[in-house]
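Here the structure is laid out as structure tokens; the discussion comes afterwards.
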Amino acid sequence: MDFDITTKGKELFLTLTSISLLLMMGITTLLWWFVSPRLHEINDLLADFSLTALRIFYILLIFGTLLVYLTAFTERNFLIANFAVRMFIKILYPISESLGKLVGIDKEKIQESFVYVNNSFIKALRKKFKAKEILILLPHCLQNNDCPIRITNDINNCIQCGKCDIQDLAKLSQKYKVATAIATGGTLARRIIVENKPKFIIAVACPRDMVEGLKDVFPIPVYGVLNFRPNGPCISTRVAVEIIDNALKKLINE
Ligand code: SF4
């Protein structure tokens with residue numbers, strides 16, 4: 001599958017993770033160097049063994065990082081995409097975010113870049129799904145702030161007045177027969193996922209919620225589409241519906 005969504009911007013996060021990895025290697029080497037005299041005192045073999053283990057760990061780390069870069073930049077599956085997402089979400093994201101903060105990089109820029117990295121891994125998976133296996137998960141803030149219609153239970157309650165993107169998203173949901181849910185928060189989003197048991201999620205959210213969501217729902221693959229916030233955070237936000245349309249066209253195999 002080849003989405004037309006941009007994954008440009010992933011370089012920032014990949015650069016931060018590379019620096020984080022180098023720092024981790026530097027710190028562990030320094031630690032070993034400090035404790036090695038003690039290890040030699042206990043047993044020479046112990047010191048040699050710990051050094052060899054450290055070297056093997058570094059080789060695996062470098063090899064893994066190279067595969068991650070290949071996957072992210074070529075957007076082809078090097079059998080590491082799933083593992084890479086896990087490693088990035090669980091270990092490298094918090095370290096890279098802290099490093100970014102330390103050097104004064106805007107947190108939201110890092111979050112956006114992480115979403116682009118995630119999307120390049122998702123593209124690399126190149127899988128197709130049945131319509132019923134896909135879930136479109138939308139944030140409530142996409143609904144026009146003044147709209148009195150209750151759409152959280154059913155997006156089809158929208159009377160299609162055209163004041164927000166919910167109108168076109170409801171049409172997409174009907175066109176592709178894909179389940180579409182609107183979540184007012186993380187707890188509800190988790191419940192929707194448990195109930196629907198999707199094999200693939202297209203999620204719309206702001207960078208902060210998207211990163212949290214990606215962490216929460218792993219290992220379900222999530223294609224992250226960031227919303228626009230022309231009226232500020234959480235108020236009448238917008239999304240490029242054609243990107244979701246195009247993704248569904250490429251994703252569905254029936
Ligand atoms: S398009 Fe639907 S959800 Fe949006 S404002 Fe109109 S009725 Fe409300």
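As shown in the structure tokens, the chain order sets the letters A, B, ...; within each chain, residues go from 1, and ligands are also counted from 1 in the order they appear.
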When the cut-off is 12 Å and you count only C-alpha atoms and all ligand atoms, which residues lie near ligand 1, shown as number ranges by chain? A: 139-152, 154-171, 182, 236-238
If you run DSSP over the backbone, which residues in stretch 105-210 of chain A end up helix (DSSP H, G or I)? Put them as an MDAnalysis selection string. chainID A and resid 107:125 131:133 140:142 155:157 166:176 186:196 207:210
Output file for the residues above (N, CA and C atoms, as a short mmCIF file (atom, residue, chain, number, x, y, z; two decimals), in the first residue's frame):
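As written to disk, selection-v2.cif reads:
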```cif
data_model
loop_
_atom_site.label_atom_id
_atom_site.label_comp_id
_atom_site.auth_asym_id
_atom_site.auth_seq_id
_atom_site.Cartn_x
_atom_site.Cartn_y
_atom_site.Cartn_z
N LYS A 107 8.48 20.38 22.05
CA LYS A 107 7.97 19.02 22.28
C LYS A 107 7.03 18.57 21.17
N GLU A 108 6.20 19.51 20.69
CA GLU A 108 5.23 19.13 19.66
C GLU A 108 5.91 18.74 18.35
N LYS A 109 7.04 19.42 18.07
CA LYS A 109 7.79 19.07 16.85
C LYS A 109 8.30 17.64 16.95
N ILE A 110 8.75 17.24 18.14
CA ILE A 110 9.26 15.88 18.34
C ILE A 110 8.11 14.88 18.19
N GLN A 111 6.95 15.24 18.78
CA GLN A 111 5.78 14.34 18.69
C GLN A 111 5.36 14.16 17.23
N GLU A 112 5.32 15.28 16.49
CA GLU A 112 4.93 15.20 15.07
C GLU A 112 5.91 14.30 14.31
N SER A 113 7.19 14.52 14.56
CA SER A 113 8.22 13.74 13.87
C SER A 113 8.09 12.25 14.20
N PHE A 114 7.77 11.95 15.45
CA PHE A 114 7.59 10.55 15.87
C PHE A 114 6.41 9.92 15.11
N VAL A 115 5.34 10.70 14.92
CA VAL A 115 4.17 10.18 14.18
C VAL A 115 4.57 9.87 12.73
N TYR A 116 5.41 10.74 12.13
CA TYR A 116 5.86 10.48 10.76
C TYR A 116 6.73 9.22 10.70
N VAL A 117 7.56 9.02 11.72
CA VAL A 117 8.38 7.80 11.76
C VAL A 117 7.45 6.58 11.86
N ASN A 118 6.47 6.66 12.75
CA ASN A 118 5.50 5.57 12.90
C ASN A 118 4.83 5.28 11.56
N ASN A 119 4.43 6.35 10.85
CA ASN A 119 3.73 6.15 9.58
C ASN A 119 4.63 5.51 8.53
N SER A 120 5.92 5.84 8.58
CA SER A 120 6.81 5.21 7.59
C SER A 120 6.96 3.72 7.89
N PHE A 121 6.92 3.34 9.17
CA PHE A 121 6.96 1.91 9.51
C PHE A 121 5.67 1.23 9.06
N ILE A 122 4.54 1.94 9.25
CA ILE A 122 3.25 1.38 8.85
C ILE A 122 3.22 1.17 7.33
N LYS A 123 3.77 2.16 6.60
CA LYS A 123 3.83 2.02 5.14
C LYS A 123 4.70 0.82 4.75
N ALA A 124 5.77 0.64 5.53
CA ALA A 124 6.69 -0.46 5.24
C ALA A 124 6.02 -1.83 5.39
N LEU A 125 4.99 -1.91 6.25
CA LEU A 125 4.32 -3.20 6.47
C LEU A 125 3.61 -3.69 5.19
N ALA A 131 -12.47 -4.43 4.96
CA ALA A 131 -13.07 -3.20 5.50
C ALA A 131 -13.48 -3.37 6.96
N LYS A 132 -14.01 -4.56 7.28
CA LYS A 132 -14.50 -4.77 8.65
C LYS A 132 -13.36 -4.88 9.68
N GLU A 133 -12.12 -5.00 9.20
CA GLU A 133 -10.98 -5.10 10.12
C GLU A 133 -10.38 -3.72 10.45
N HIS A 140 -13.29 14.06 19.23
CA HIS A 140 -14.55 14.80 19.30
C HIS A 140 -14.38 16.24 18.82
N CYS A 141 -13.15 16.77 18.95
CA CYS A 141 -12.94 18.18 18.60
C CYS A 141 -13.06 18.45 17.11
N LEU A 142 -13.21 17.40 16.28
CA LEU A 142 -13.43 17.63 14.84
C LEU A 142 -14.83 18.19 14.59
N ILE A 155 -21.76 8.41 14.28
CA ILE A 155 -21.36 9.51 13.39
C ILE A 155 -22.46 9.80 12.36
N ASN A 156 -23.32 8.79 12.10
CA ASN A 156 -24.38 8.98 11.12
C ASN A 156 -25.51 9.87 11.62
N ASN A 157 -25.45 10.28 12.89
CA ASN A 157 -26.42 11.27 13.39
C ASN A 157 -26.18 12.65 12.78
N ILE A 166 -16.82 16.33 9.80
CA ILE A 166 -17.58 15.13 10.18
C ILE A 166 -18.49 14.70 9.03
N GLN A 167 -19.03 15.69 8.31
CA GLN A 167 -19.91 15.38 7.19
C GLN A 167 -19.22 14.43 6.20
N ASP A 168 -18.01 14.81 5.76
CA ASP A 168 -17.31 13.98 4.75
C ASP A 168 -16.79 12.68 5.35
N LEU A 169 -16.46 12.72 6.63
CA LEU A 169 -15.97 11.49 7.28
C LEU A 169 -17.11 10.47 7.41
N ALA A 170 -18.33 10.97 7.68
CA ALA A 170 -19.49 10.07 7.75
C ALA A 170 -19.75 9.45 6.38
N LYS A 171 -19.57 10.26 5.33
CA LYS A 171 -19.76 9.73 3.96
C LYS A 171 -18.72 8.66 3.65
N LEU A 172 -17.48 8.91 4.09
CA LEU A 172 -16.40 7.93 3.87
C LEU A 172 -16.72 6.62 4.56
N SER A 173 -17.21 6.74 5.79
CA SER A 173 -17.54 5.56 6.59
C SER A 173 -18.58 4.70 5.85
N GLN A 174 -19.57 5.39 5.26
CA GLN A 174 -20.62 4.66 4.52
C GLN A 174 -20.08 4.11 3.19
N LYS A 175 -19.27 4.91 2.52
CA LYS A 175 -18.73 4.50 1.20
C LYS A 175 -17.91 3.21 1.32
N TYR A 176 -17.04 3.16 2.35
CA TYR A 176 -16.13 2.01 2.47
C TYR A 176 -16.65 0.95 3.46
N GLY A 186 -9.12 9.35 26.07
CA GLY A 186 -8.34 8.12 25.96
C GLY A 186 -9.08 6.89 26.45
N THR A 187 -9.85 7.05 27.55
CA THR A 187 -10.55 5.89 28.12
C THR A 187 -11.58 5.36 27.14
N LEU A 188 -12.33 6.29 26.57
CA LEU A 188 -13.37 5.89 25.61
C LEU A 188 -12.72 5.27 24.37
N ALA A 189 -11.61 5.87 23.94
CA ALA A 189 -10.91 5.34 22.75
C ALA A 189 -10.48 3.89 23.00
N ARG A 190 -9.96 3.62 24.20
CA ARG A 190 -9.53 2.25 24.54
C ARG A 190 -10.74 1.31 24.51
N ARG A 191 -11.88 1.80 25.06
CA ARG A 191 -13.07 0.95 25.10
C ARG A 191 -13.57 0.64 23.67
N ILE A 192 -13.53 1.66 22.83
CA ILE A 192 -13.97 1.48 21.44
C ILE A 192 -13.10 0.41 20.76
N ILE A 193 -11.80 0.47 21.03
CA ILE A 193 -10.88 -0.49 20.40
C ILE A 193 -11.13 -1.90 20.91
N VAL A 194 -11.37 -2.03 22.21
CA VAL A 194 -11.65 -3.35 22.78
C VAL A 194 -12.92 -3.92 22.16
N GLU A 195 -13.93 -3.06 21.99
CA GLU A 195 -15.22 -3.54 21.44
C GLU A 195 -15.11 -3.90 19.96
N ASN A 196 -14.37 -3.09 19.20
CA ASN A 196 -14.32 -3.30 17.74
C ASN A 196 -13.26 -4.31 17.31
N PRO A 207 -0.80 16.02 17.84
CA PRO A 207 0.43 15.26 18.08
C PRO A 207 0.50 14.62 19.47
N ARG A 208 0.11 15.35 20.52
CA ARG A 208 0.22 14.81 21.88
C ARG A 208 -0.67 13.58 22.07
N ASP A 209 -1.95 13.70 21.68
CA ASP A 209 -2.87 12.57 21.84
C ASP A 209 -2.48 11.40 20.95
N MET A 210 -1.93 11.73 19.78
CA MET A 210 -1.55 10.66 18.85
C MET A 210 -0.43 9.81 19.45
#
```
With only C-alpha atoms as the basis for distance, which of A:Gly232, A:Pro198, A:Gly64, A:Gly26 is at the shortest distance from A:Val178?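 When distances to A:Val178 are compared using only C-alpha atoms, the smallest one comes from A:Pro198.
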Please extract the residues of stretch 32-137 of chain A with a backbone DSSP assignment of strand (DSSP E or B) and present them as a PDB file with C-alpha atoms, in the first residue's frame.
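Printed below is states.pdb as written:
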```
ATOM      1  CA  PHE A 129      -7.154  -5.493   5.240  1.00  0.00           C
ATOM      2  CA  ILE A 134     -10.340  -1.351   9.933  1.00  0.00           C
ATOM      3  CA  LEU A 135     -11.408   1.276  12.449  1.00  0.00           C
ATOM      4  CA  ILE A 136     -11.351   5.032  11.905  1.00  0.00           C
ATOM      5  CA  LEU A 137     -10.923   6.712  15.265  1.00  0.00           C
TER       6      LEU A 137
END
```
